[in-house]
file upload-v2.pdb (PDB, C-alpha atoms, pLDDT in the B column)
ATOM      1  CA  MET A   1      24.789  51.840 124.210  1.00 45.00           C
ATOM      2  CA  ILE A   2      23.829  55.229 122.721  1.00 44.00           C
ATOM      3  CA  GLU A   3      27.355  56.496 123.365  1.00 41.00           C
ATOM      4  CA  ASP A   4      28.808  53.484 121.506  1.00 45.00           C
ATOM      5  CA  VAL A   5      26.556  54.102 118.503  1.00 44.00           C
ATOM      6  CA  LEU A   6      27.480  57.788 118.413  1.00 41.00           C
ATOM      7  CA  THR A   7      31.183  56.984 118.707  1.00 41.00           C
ATOM      8  CA  GLU A   8      30.961  54.451 115.867  1.00 48.00           C
ATOM      9  CA  LYS A   9      29.104  56.997 113.711  1.00 44.00           C
ATOM     10  CA  LEU A  10      31.723  59.682 114.426  1.00 41.00           C
ATOM     11  CA  LEU A  11      34.605  57.353 113.582  1.00 39.00           C
ATOM     12  CA  SER A  12      32.866  56.384 110.355  1.00 45.00           C
ATOM     13  CA  GLU A  13      32.500  60.038 109.384  1.00 44.00           C
ATOM     14  CA  ILE A  14      36.141  60.746 110.210  1.00 39.00           C
ATOM     15  CA  ASN A  15      37.274  57.765 108.128  1.00 44.00           C
ATOM     16  CA  GLU A  16      35.352  59.128 105.140  1.00 47.00           C
ATOM     17  CA  GLU A  17      37.662  62.137 105.042  1.00 48.00           C
ATOM     18  CA  HIS A  18      40.781  62.062 102.870  1.00 45.00           C
ATOM     19  CA  PHE A  19      43.572  62.801 105.295  1.00 46.00           C
ATOM     20  CA  SER A  20      47.185  61.659 105.181  1.00 44.00           C
ATOM     21  CA  SER A  21      49.045  60.810 108.361  1.00 53.00           C
ATOM     22  CA  SER A  22      52.538  60.749 106.859  1.00 70.00           C
ATOM     23  CA  LEU A  23      54.580  61.656 103.793  1.00 89.00           C
ATOM     24  CA  ASP A  24      55.682  58.019 103.608  1.00 93.00           C
ATOM     25  CA  THR A  25      53.226  55.319 102.634  1.00 96.00           C
ATOM     26  CA  PRO A  26      52.414  53.411 105.874  1.00 95.00           C
ATOM     27  CA  MET A  27      54.206  50.055 105.727  1.00 96.00           C
ATOM     28  CA  ARG A  28      54.455  47.362 108.380  1.00 95.00           C
ATOM     29  CA  GLU A  29      57.677  45.697 109.505  1.00 95.00           C
ATOM     30  CA  GLY A  30      58.612  42.742 107.324  1.00 95.00           C
ATOM     31  CA  ALA A  31      56.637  44.111 104.381  1.00 95.00           C
ATOM     32  CA  PHE A  32      59.168  42.725 101.913  1.00 94.00           C
ATOM     33  CA  ASN A  33      59.812  39.323 103.460  1.00 96.00           C
ATOM     34  CA  LEU A  34      57.567  37.637 100.881  1.00 97.00           C
ATOM     35  CA  ASN A  35      58.375  37.502  97.176  1.00 96.00           C
ATOM     36  CA  ASP A  36      55.793  38.315  94.504  1.00 97.00           C
ATOM     37  CA  THR A  37      54.861  34.676  93.905  1.00 98.00           C
ATOM     38  CA  GLN A  38      54.151  34.133  97.591  1.00 98.00           C
ATOM     39  CA  LYS A  39      52.112  37.337  97.813  1.00 98.00           C
ATOM     40  CA  ILE A  40      50.020  36.371  94.782  1.00 98.00           C
ATOM     41  CA  LYS A  41      49.234  32.955  96.241  1.00 98.00           C
ATOM     42  CA  ILE A  42      48.121  34.393  99.596  1.00 98.00           C
ATOM     43  CA  ILE A  43      46.062  37.233  98.097  1.00 98.00           C
ATOM     44  CA  ALA A  44      44.351  34.856  95.652  1.00 98.00           C
ATOM     45  CA  GLU A  45      43.252  32.604  98.509  1.00 98.00           C
ATOM     46  CA  HIS A  46      41.924  35.533 100.547  1.00 98.00           C
ATOM     47  CA  PHE A  47      40.096  37.025  97.570  1.00 98.00           C
ATOM     48  CA  LYS A  48      38.567  33.628  96.865  1.00 98.00           C
ATOM     49  CA  GLN A  49      37.148  33.705 100.388  1.00 98.00           C
ATOM     50  CA  ILE A  50      35.790  37.221  99.846  1.00 98.00           C
ATOM     51  CA  MET A  51      33.988  36.113  96.674  1.00 98.00           C
ATOM     52  CA  HIS A  52      32.678  33.005  98.403  1.00 98.00           C
ATOM     53  CA  THR A  53      31.379  35.101 101.316  1.00 98.00           C
ATOM     54  CA  LEU A  54      29.581  37.376  98.867  1.00 98.00           C
ATOM     55  CA  GLY A  55      27.772  34.305  97.563  1.00 98.00           C
ATOM     56  CA  LEU A  56      29.457  33.973  94.171  1.00 98.00           C
ATOM     57  CA  ASP A  57      29.769  30.562  92.511  1.00 98.00           C
ATOM     58  CA  LEU A  58      33.490  29.999  92.074  1.00 98.00           C
ATOM     59  CA  THR A  59      32.908  26.927  89.910  1.00 97.00           C
ATOM     60  CA  ASP A  60      31.517  29.165  87.169  1.00 98.00           C
ATOM     61  CA  ASP A  61      33.855  29.440  84.174  1.00 98.00           C
ATOM     62  CA  SER A  62      33.759  33.239  84.303  1.00 98.00           C
ATOM     63  CA  LEU A  63      34.635  33.443  88.017  1.00 98.00           C
ATOM     64  CA  LYS A  64      36.899  30.514  88.835  1.00 98.00           C
ATOM     65  CA  ASP A  65      40.139  32.274  87.818  1.00 98.00           C
ATOM     66  CA  THR A  66      39.180  35.711  89.157  1.00 98.00           C
ATOM     67  CA  PRO A  67      40.997  35.360  92.528  1.00 98.00           C
ATOM     68  CA  LEU A  68      44.293  34.657  90.772  1.00 98.00           C
ATOM     69  CA  ARG A  69      43.724  37.424  88.219  1.00 98.00           C
ATOM     70  CA  VAL A  70      43.020  39.951  90.975  1.00 98.00           C
ATOM     71  CA  ALA A  71      46.055  38.832  92.984  1.00 98.00           C
ATOM     72  CA  LYS A  72      48.362  39.201  89.978  1.00 98.00           C
ATOM     73  CA  MET A  73      46.892  42.615  89.196  1.00 98.00           C
ATOM     74  CA  TYR A  74      47.408  43.805  92.765  1.00 98.00           C
ATOM     75  CA  VAL A  75      51.027  42.657  93.041  1.00 98.00           C
ATOM     76  CA  LYS A  76      52.302  43.176  89.489  1.00 98.00           C
ATOM     77  CA  GLU A  77      50.298  46.207  88.415  1.00 98.00           C
ATOM     78  CA  ALA A  78      47.986  48.206  90.671  1.00 98.00           C
ATOM     79  CA  PHE A  79      50.219  48.190  93.765  1.00 98.00           C
ATOM     80  CA  SER A  80      53.644  47.506  92.261  1.00 98.00           C
ATOM     81  CA  GLY A  81      54.790  50.889  93.582  1.00 98.00           C
ATOM     82  CA  LEU A  82      54.845  49.460  97.109  1.00 97.00           C
ATOM     83  CA  ASN A  83      57.962  47.499  96.201  1.00 96.00           C
ATOM     84  CA  PRO A  84      61.098  49.704  96.282  1.00 95.00           C
ATOM     85  CA  ALA A  85      62.712  47.333  93.798  1.00 95.00           C
ATOM     86  CA  ASN A  86      60.398  48.863  91.178  1.00 96.00           C
ATOM     87  CA  LYS A  87      61.531  52.429  91.831  1.00 96.00           C
ATOM     88  CA  PRO A  88      62.691  54.049  88.561  1.00 95.00           C
ATOM     89  CA  GLN A  89      66.259  55.235  88.256  1.00 92.00           C
ATOM     90  CA  ALA A  90      66.183  58.898  87.274  1.00 86.00           C
ATOM     91  CA  ALA A  91      69.130  59.424  84.937  1.00 86.00           C
ATOM     92  CA  LEU A  92      70.277  63.029  84.534  1.00 94.00           C
ATOM     93  CA  PHE A  93      71.817  64.645  81.467  1.00 94.00           C
ATOM     94  CA  ASP A  94      73.949  67.736  80.984  1.00 94.00           C
ATOM     95  CA  ASN A  95      71.933  70.844  80.213  1.00 93.00           C
ATOM     96  CA  LYS A  96      73.868  71.405  76.976  1.00 91.00           C
ATOM     97  CA  TYR A  97      71.413  73.953  75.622  1.00 89.00           C
ATOM     98  CA  GLN A  98      71.722  76.095  78.753  1.00 90.00           C
ATOM     99  CA  TYR A  99      67.948  76.157  79.083  1.00 93.00           C
ATOM    100  CA  ASN A 100      67.318  77.900  82.388  1.00 91.00           C
ATOM    101  CA  GLU A 101      63.573  78.547  82.205  1.00 95.00           C
ATOM    102  CA  MET A 102      60.871  76.252  83.529  1.00 96.00           C
ATOM    103  CA  LEU A 103      60.291  72.937  81.825  1.00 97.00           C
ATOM    104  CA  VAL A 104      56.691  71.783  81.985  1.00 98.00           C
ATOM    105  CA  GLU A 105      55.290  68.318  81.372  1.00 98.00           C
ATOM    106  CA  LYS A 106      51.525  68.395  81.633  1.00 98.00           C
ATOM    107  CA  ASN A 107      48.628  65.968  81.350  1.00 98.00           C
ATOM    108  CA  ILE A 108      50.562  62.974  82.661  1.00 98.00           C
ATOM    109  CA  THR A 109      47.999  60.194  83.005  1.00 98.00           C
ATOM    110  CA  LEU A 110      47.266  59.235  86.612  1.00 98.00           C
ATOM    111  CA  TYR A 111      45.807  55.921  87.744  1.00 98.00           C
ATOM    112  CA  SER A 112      45.943  55.206  91.445  1.00 98.00           C
ATOM    113  CA  TYR A 113      43.794  53.671  94.191  1.00 98.00           C
ATOM    114  CA  CYS A 114      42.229  55.352  97.203  1.00 97.00           C
ATOM    115  CA  GLU A 115      43.661  53.757 100.345  1.00 97.00           C
ATOM    116  CA  HIS A 116      40.359  54.150 102.193  1.00 96.00           C
ATOM    117  CA  HIS A 117      38.165  52.108  99.842  1.00 96.00           C
ATOM    118  CA  PHE A 118      40.585  50.610  97.284  1.00 97.00           C
ATOM    119  CA  VAL A 119      38.753  52.155  94.333  1.00 97.00           C
ATOM    120  CA  PRO A 120      40.421  54.118  91.515  1.00 98.00           C
ATOM    121  CA  ILE A 121      41.711  57.681  91.484  1.00 98.00           C
ATOM    122  CA  ILE A 122      41.898  58.858  87.867  1.00 98.00           C
ATOM    123  CA  GLY A 123      43.277  62.162  86.649  1.00 98.00           C
ATOM    124  CA  LYS A 124      46.165  64.213  85.307  1.00 98.00           C
ATOM    125  CA  VAL A 125      49.477  65.302  86.822  1.00 98.00           C
ATOM    126  CA  HIS A 126      51.268  68.485  85.752  1.00 98.00           C
ATOM    127  CA  VAL A 127      54.936  68.901  86.636  1.00 98.00           C
ATOM    128  CA  ALA A 128      57.451  71.715  86.180  1.00 98.00           C
ATOM    129  CA  TYR A 129      61.044  72.257  87.228  1.00 98.00           C
ATOM    130  CA  ILE A 130      63.930  74.645  86.708  1.00 97.00           C
ATOM    131  CA  SER A 131      67.418  73.198  86.439  1.00 93.00           C
ATOM    132  CA  SER A 132      69.715  74.544  89.154  1.00 89.00           C
ATOM    133  CA  ASN A 133      72.805  72.381  88.690  1.00 86.00           C
ATOM    134  CA  ASN A 134      73.117  72.355  84.892  1.00 90.00           C
ATOM    135  CA  LYS A 135      71.352  68.980  84.752  1.00 92.00           C
ATOM    136  CA  VAL A 136      68.050  67.891  83.215  1.00 94.00           C
ATOM    137  CA  ILE A 137      66.016  64.717  83.586  1.00 95.00           C
ATOM    138  CA  GLY A 138      64.701  62.541  80.763  1.00 93.00           C
ATOM    139  CA  LEU A 139      61.043  63.343  80.120  1.00 93.00           C
ATOM    140  CA  SER A 140      59.878  59.736  80.352  1.00 95.00           C
ATOM    141  CA  LYS A 141      61.472  59.484  83.802  1.00 96.00           C
ATOM    142  CA  ILE A 142      59.024  62.103  85.073  1.00 97.00           C
ATOM    143  CA  ASN A 143      56.160  59.894  83.914  1.00 97.00           C
ATOM    144  CA  ARG A 144      57.761  56.866  85.571  1.00 97.00           C
ATOM    145  CA  ILE A 145      58.162  58.710  88.880  1.00 98.00           C
ATOM    146  CA  VAL A 146      54.476  59.645  88.777  1.00 98.00           C
ATOM    147  CA  GLU A 147      53.530  56.063  87.934  1.00 98.00           C
ATOM    148  CA  TYR A 148      55.710  54.571  90.681  1.00 98.00           C
ATOM    149  CA  PHE A 149      54.127  56.580  93.486  1.00 98.00           C
ATOM    150  CA  ALA A 150      50.639  56.243  91.981  1.00 98.00           C
ATOM    151  CA  LYS A 151      50.826  52.451  91.952  1.00 98.00           C
ATOM    152  CA  ARG A 152      50.057  52.040  95.626  1.00 98.00           C
ATOM    153  CA  PRO A 153      47.096  52.769  97.905  1.00 98.00           C
ATOM    154  CA  GLN A 154      47.123  56.564  98.097  1.00 98.00           C
ATOM    155  CA  VAL A 155      45.622  59.812  99.221  1.00 97.00           C
ATOM    156  CA  GLN A 156      46.076  62.630  96.742  1.00 98.00           C
ATOM    157  CA  GLU A 157      47.806  64.971  99.176  1.00 98.00           C
ATOM    158  CA  ARG A 158      50.513  62.422  99.950  1.00 98.00           C
ATOM    159  CA  LEU A 159      50.918  61.497  96.282  1.00 98.00           C
ATOM    160  CA  THR A 160      51.469  65.159  95.354  1.00 98.00           C
ATOM    161  CA  ASN A 161      54.184  65.567  97.981  1.00 98.00           C
ATOM    162  CA  GLN A 162      55.868  62.251  97.150  1.00 98.00           C
ATOM    163  CA  ILE A 163      56.182  63.125  93.459  1.00 98.00           C
ATOM    164  CA  ALA A 164      57.522  66.597  94.262  1.00 98.00           C
ATOM    165  CA  ASN A 165      60.063  65.390  96.816  1.00 97.00           C
ATOM    166  CA  GLU A 166      61.332  62.627  94.532  1.00 97.00           C
ATOM    167  CA  LEU A 167      61.836  65.129  91.711  1.00 97.00           C
ATOM    168  CA  LYS A 168      63.674  67.512  94.027  1.00 97.00           C
ATOM    169  CA  MET A 169      66.027  64.724  95.109  1.00 95.00           C
ATOM    170  CA  ALA A 170      66.540  63.410  91.577  1.00 95.00           C
ATOM    171  CA  LEU A 171      67.247  66.861  90.142  1.00 94.00           C
ATOM    172  CA  ASN A 172      69.070  68.225  93.172  1.00 93.00           C
ATOM    173  CA  SER A 173      66.900  71.295  92.685  1.00 95.00           C
ATOM    174  CA  GLU A 174      64.405  73.076  94.927  1.00 97.00           C
ATOM    175  CA  HIS A 175      62.594  74.591  91.949  1.00 98.00           C
ATOM    176  CA  VAL A 176      59.740  72.129  91.459  1.00 98.00           C
ATOM    177  CA  ALA A 177      55.971  72.440  90.985  1.00 98.00           C
ATOM    178  CA  VAL A 178      53.341  69.696  90.910  1.00 98.00           C
ATOM    179  CA  VAL A 179      49.582  69.972  90.351  1.00 98.00           C
ATOM    180  CA  ILE A 180      47.198  66.994  90.363  1.00 98.00           C
ATOM    181  CA  ASP A 181      43.592  67.173  89.162  1.00 98.00           C
ATOM    182  CA  ALA A 182      41.763  63.881  89.763  1.00 98.00           C
ATOM    183  CA  VAL A 183      38.431  62.143  90.104  1.00 98.00           C
ATOM    184  CA  HIS A 184      37.998  59.870  93.123  1.00 97.00           C
ATOM    185  CA  LEU A 185      35.643  56.976  92.514  1.00 96.00           C
ATOM    186  CA  CYS A 186      35.084  56.686  96.256  1.00 95.00           C
ATOM    187  CA  VAL A 187      33.255  60.012  95.827  1.00 94.00           C
ATOM    188  CA  SER A 188      31.628  59.457  92.427  1.00 94.00           C
ATOM    189  CA  SER A 189      30.686  55.758  92.567  1.00 94.00           C
ATOM    190  CA  ARG A 190      29.707  55.403  96.249  1.00 93.00           C
ATOM    191  CA  GLY A 191      28.886  57.551  99.268  1.00 92.00           C
ATOM    192  CA  ILE A 192      27.760  60.966  98.046  1.00 93.00           C
ATOM    193  CA  LYS A 193      27.920  59.744  94.394  1.00 94.00           C
ATOM    194  CA  ASP A 194      28.992  63.124  93.031  1.00 94.00           C
ATOM    195  CA  THR A 195      30.129  62.528  89.446  1.00 94.00           C
ATOM    196  CA  ASN A 196      30.964  66.169  88.683  1.00 94.00           C
ATOM    197  CA  SER A 197      33.576  67.117  91.276  1.00 95.00           C
ATOM    198  CA  THR A 198      37.339  66.776  90.945  1.00 97.00           C
ATOM    199  CA  THR A 199      40.072  67.224  93.541  1.00 98.00           C
ATOM    200  CA  ILE A 200      43.047  69.518  92.910  1.00 98.00           C
ATOM    201  CA  THR A 201      46.253  69.488  94.966  1.00 98.00           C
ATOM    202  CA  SER A 202      49.454  71.431  94.409  1.00 98.00           C
ATOM    203  CA  TYR A 203      53.054  71.730  95.573  1.00 98.00           C
ATOM    204  CA  TYR A 204      55.365  74.693  94.937  1.00 98.00           C
ATOM    205  CA  SER A 205      58.947  75.038  96.088  1.00 98.00           C
ATOM    206  CA  GLY A 206      61.945  77.238  95.311  1.00 98.00           C
ATOM    207  CA  LYS A 207      61.286  79.813  92.600  1.00 98.00           C
ATOM    208  CA  PHE A 208      57.766  78.453  92.059  1.00 98.00           C
ATOM    209  CA  GLN A 209      56.740  80.069  95.336  1.00 98.00           C
ATOM    210  CA  GLU A 210      57.135  83.414  93.581  1.00 98.00           C
ATOM    211  CA  GLU A 211      53.698  84.572  92.460  1.00 98.00           C
ATOM    212  CA  LYS A 212      54.734  85.532  88.905  1.00 97.00           C
ATOM    213  CA  LEU A 213      56.317  82.150  88.119  1.00 98.00           C
ATOM    214  CA  LYS A 214      53.501  80.243  89.792  1.00 98.00           C
ATOM    215  CA  MET A 215      50.895  82.067  87.692  1.00 98.00           C
ATOM    216  CA  GLU A 216      52.920  81.434  84.511  1.00 98.00           C
ATOM    217  CA  PHE A 217      52.996  77.712  85.311  1.00 98.00           C
ATOM    218  CA  LEU A 218      49.258  77.611  86.038  1.00 98.00           C
ATOM    219  CA  ALA A 219      48.532  79.453  82.769  1.00 98.00           C
ATOM    220  CA  LEU A 220      50.586  76.906  80.810  1.00 98.00           C
ATOM    221  CA  ILE A 221      48.728  73.902  82.240  1.00 97.00           C
ATOM    222  CA  LYS A 222      45.266  75.470  82.016  1.00 90.00           C
TER     223      LYS A 222
END

call {"tool": "encode", "arguments": {"input": "upload-v2.pdb", "output": "structure tokens"}}
result
Amino acid sequence: MIEDVLTEKLLSEINEEHFSSSLDTPMREGAFNLNDTQKIKIIAEHFKQIMHTLGLDLTDDSLKDTPLRVAKMYVKEAFSGLNPANKPQAALFDNKYQYNEMLVEKNITLYSYCEHHFVPIIGKVHVAYISSNNKVIGLSKINRIVEYFAKRPQVQERLTNQIANELKMALNSEHVAVVIDAVHLCVSSRGIKDTNSTTITSYYSGKFQEEKLKMEFLALIK
């Protein structure tokens, strides 16, 4: 009995940690067999049961439509990045100006959800790249790539790597840097309830692994 309690406590502590088991978001087989309408219907029914179990009165005017609202939000907004059909197409353009220095887009707004507690991760993403094939990417496409991978249950480490790898593939360039600075509400609104800390993750590849260029990038986003 004591051993069972200790094991349960240890597992609980391990599950509190923010670790990522894979670069790819874990998905089950048949994840895309249902369309959005079917998913919304099923999620709404399950969320209705959650609210009922919590003791809420679902006949109340303020609550009766909440299950459907939550289901639509999950499928169409908060977790729309789980559906590969929503992946943005990253159009490239000729680098007509022959700009061969780093291009930085900073303070990209980040809204995601922690996959351990399904509460928000809110912060900023800073991205830089150097064109290596005389091609550049539209600035808004960088934002859309960030948004696509953010709109799914996440851990920040995986999100950082997913954004970086997608940019490398889209640009056909190894010279990419990504920094994320975010607040995790699973830390600030529950558990330890630390409202002052933020989490910073980074990814550097190609020329950005050189100390001089890395420091220049970090100075620009400071």

call {"tool": "atom_distance", "arguments": {"input": "upload-v2.pdb", "atom1": "atom CA of A:Ile40", "atom2": "atom CA of A:Lys72"}}
result
5.8 Å

call {"tool": "resolve_selection", "arguments": {"input": "upload-v2.pdb", "expression": "the PyMOL selection byres ((chain A and resi 182) around 9)", "output": "JSON, numbers by chain"}}
result
{"A": [110, 121, 122, 123, 124, 125, 156, 180, 181, 183, 184, 197, 198, 199, 200, 201]}

call {"tool": "residues_around", "arguments": {"input": "upload-v2.pdb", "residues": "A:Gln162", "least_positions_apart": "2", "cutoff": "8 Å", "atoms": "all atoms listed in the file", "output": "list of chain:residue names"}}
result
A:Leu23, A:Asp24, A:Phe149, A:Arg158, A:Leu159, A:Thr160, A:Ala164, A:Asn165, A:Glu166

call {"tool": "atom_distance", "arguments": {"input": "upload-v2.pdb", "atom1": "atom CA of A:Tyr111", "atom2": "atom CA of A:Val179"}}
result
14.8 Å

call {"tool": "residues_around", "arguments": {"input": "upload-v2.pdb", "residues": "stretch 208-214 of chain A", "least_positions_apart": "5", "cutoff": "12 Å", "atoms": "all atoms listed in the file", "output": "PyMOL selection string"}}
result
chain A and resi 101-104+127-130+173-179+202-203+219-221

call {"tool": "closest_residue", "arguments": {"input": "upload-v2.pdb", "among": "A:Thr53, A:Pro26, A:Ser80, A:Val119", "to": "A:Val187", "atoms": "only C-alpha atoms"}}
result
A:Val119

call {"tool": "atom_distance", "arguments": {"input": "upload-v2.pdb", "atom1": "atom CA of A:Tyr99", "atom2": "atom CA of A:Ser131"}}
result
7.9 Å

call {"tool": "decode", "arguments": {"input": "upload-v2.pdb", "residues": "stretch 128-180 of chain A", "atoms": "C-alpha atoms", "output": "PDB file, in the first residue's frame"}}
result
ATOM      1  CA  ALA A 128      15.509  35.069 -37.919  1.00  0.00           C
ATOM      2  CA  TYR A 129      16.831  33.543 -41.116  1.00  0.00           C
ATOM      3  CA  ILE A 130      19.459  34.109 -43.777  1.00  0.00           C
ATOM      4  CA  SER A 131      18.551  33.344 -47.372  1.00  0.00           C
ATOM      5  CA  SER A 132      20.825  30.684 -48.863  1.00  0.00           C
ATOM      6  CA  ASN A 133      19.124  29.994 -52.190  1.00  0.00           C
ATOM      7  CA  ASN A 134      18.280  33.532 -53.329  1.00  0.00           C
ATOM      8  CA  LYS A 135      14.729  33.130 -52.003  1.00  0.00           C
ATOM      9  CA  VAL A 136      12.814  34.925 -49.253  1.00  0.00           C
ATOM     10  CA  ILE A 137       9.531  34.139 -47.534  1.00  0.00           C
ATOM     11  CA  GLY A 138       6.589  36.505 -47.108  1.00  0.00           C
ATOM     12  CA  LEU A 139       6.640  38.002 -43.616  1.00  0.00           C
ATOM     13  CA  SER A 140       3.046  37.076 -42.816  1.00  0.00           C
ATOM     14  CA  LYS A 141       3.841  33.442 -43.633  1.00  0.00           C
ATOM     15  CA  ILE A 142       6.266  33.364 -40.703  1.00  0.00           C
ATOM     16  CA  ASN A 143       3.431  34.431 -38.413  1.00  0.00           C
ATOM     17  CA  ARG A 144       1.150  31.786 -39.922  1.00  0.00           C
ATOM     18  CA  ILE A 145       3.741  29.044 -39.390  1.00  0.00           C
ATOM     19  CA  VAL A 146       4.040  30.069 -35.739  1.00  0.00           C
ATOM     20  CA  GLU A 147       0.257  30.128 -35.385  1.00  0.00           C
ATOM     21  CA  TYR A 148      -0.207  26.734 -37.054  1.00  0.00           C
ATOM     22  CA  PHE A 149       2.117  24.883 -34.692  1.00  0.00           C
ATOM     23  CA  ALA A 150       0.903  26.875 -31.675  1.00  0.00           C
ATOM     24  CA  LYS A 151      -2.717  25.897 -32.263  1.00  0.00           C
ATOM     25  CA  ARG A 152      -2.392  22.450 -30.755  1.00  0.00           C
ATOM     26  CA  PRO A 153      -1.634  21.028 -27.306  1.00  0.00           C
ATOM     27  CA  GLN A 154       2.061  21.812 -26.889  1.00  0.00           C
ATOM     28  CA  VAL A 155       5.203  21.858 -24.843  1.00  0.00           C
ATOM     29  CA  GLN A 156       7.415  24.846 -25.530  1.00  0.00           C
ATOM     30  CA  GLU A 157      10.492  22.814 -26.427  1.00  0.00           C
ATOM     31  CA  ARG A 158       8.643  20.922 -29.152  1.00  0.00           C
ATOM     32  CA  LEU A 159       6.979  24.089 -30.447  1.00  0.00           C
ATOM     33  CA  THR A 160      10.372  25.804 -30.797  1.00  0.00           C
ATOM     34  CA  ASN A 161      11.789  22.911 -32.812  1.00  0.00           C
ATOM     35  CA  GLN A 162       8.676  22.536 -34.977  1.00  0.00           C
ATOM     36  CA  ILE A 163       8.721  26.202 -35.999  1.00  0.00           C
ATOM     37  CA  ALA A 164      12.450  26.079 -36.757  1.00  0.00           C
ATOM     38  CA  ASN A 165      12.272  22.873 -38.788  1.00  0.00           C
ATOM     39  CA  GLU A 166       9.293  24.095 -40.812  1.00  0.00           C
ATOM     40  CA  LEU A 167      11.131  27.318 -41.655  1.00  0.00           C
ATOM     41  CA  LYS A 168      14.238  25.389 -42.678  1.00  0.00           C
ATOM     42  CA  MET A 169      12.174  23.209 -45.017  1.00  0.00           C
ATOM     43  CA  ALA A 170      10.184  26.128 -46.428  1.00  0.00           C
ATOM     44  CA  LEU A 171      13.282  28.240 -47.064  1.00  0.00           C
ATOM     45  CA  ASN A 172      15.572  25.375 -48.024  1.00  0.00           C
ATOM     46  CA  SER A 173      18.070  27.028 -45.702  1.00  0.00           C
ATOM     47  CA  GLU A 174      19.904  25.823 -42.601  1.00  0.00           C
ATOM     48  CA  HIS A 175      20.396  29.373 -41.338  1.00  0.00           C
ATOM     49  CA  VAL A 176      17.472  29.740 -38.937  1.00  0.00           C
ATOM     50  CA  ALA A 177      17.073  30.972 -35.353  1.00  0.00           C
ATOM     51  CA  VAL A 178      14.008  30.832 -33.108  1.00  0.00           C
ATOM     52  CA  VAL A 179      13.557  32.134 -29.556  1.00  0.00           C
ATOM     53  CA  ILE A 180      10.326  31.805 -27.556  1.00  0.00           C
TER      54      ILE A 180
END
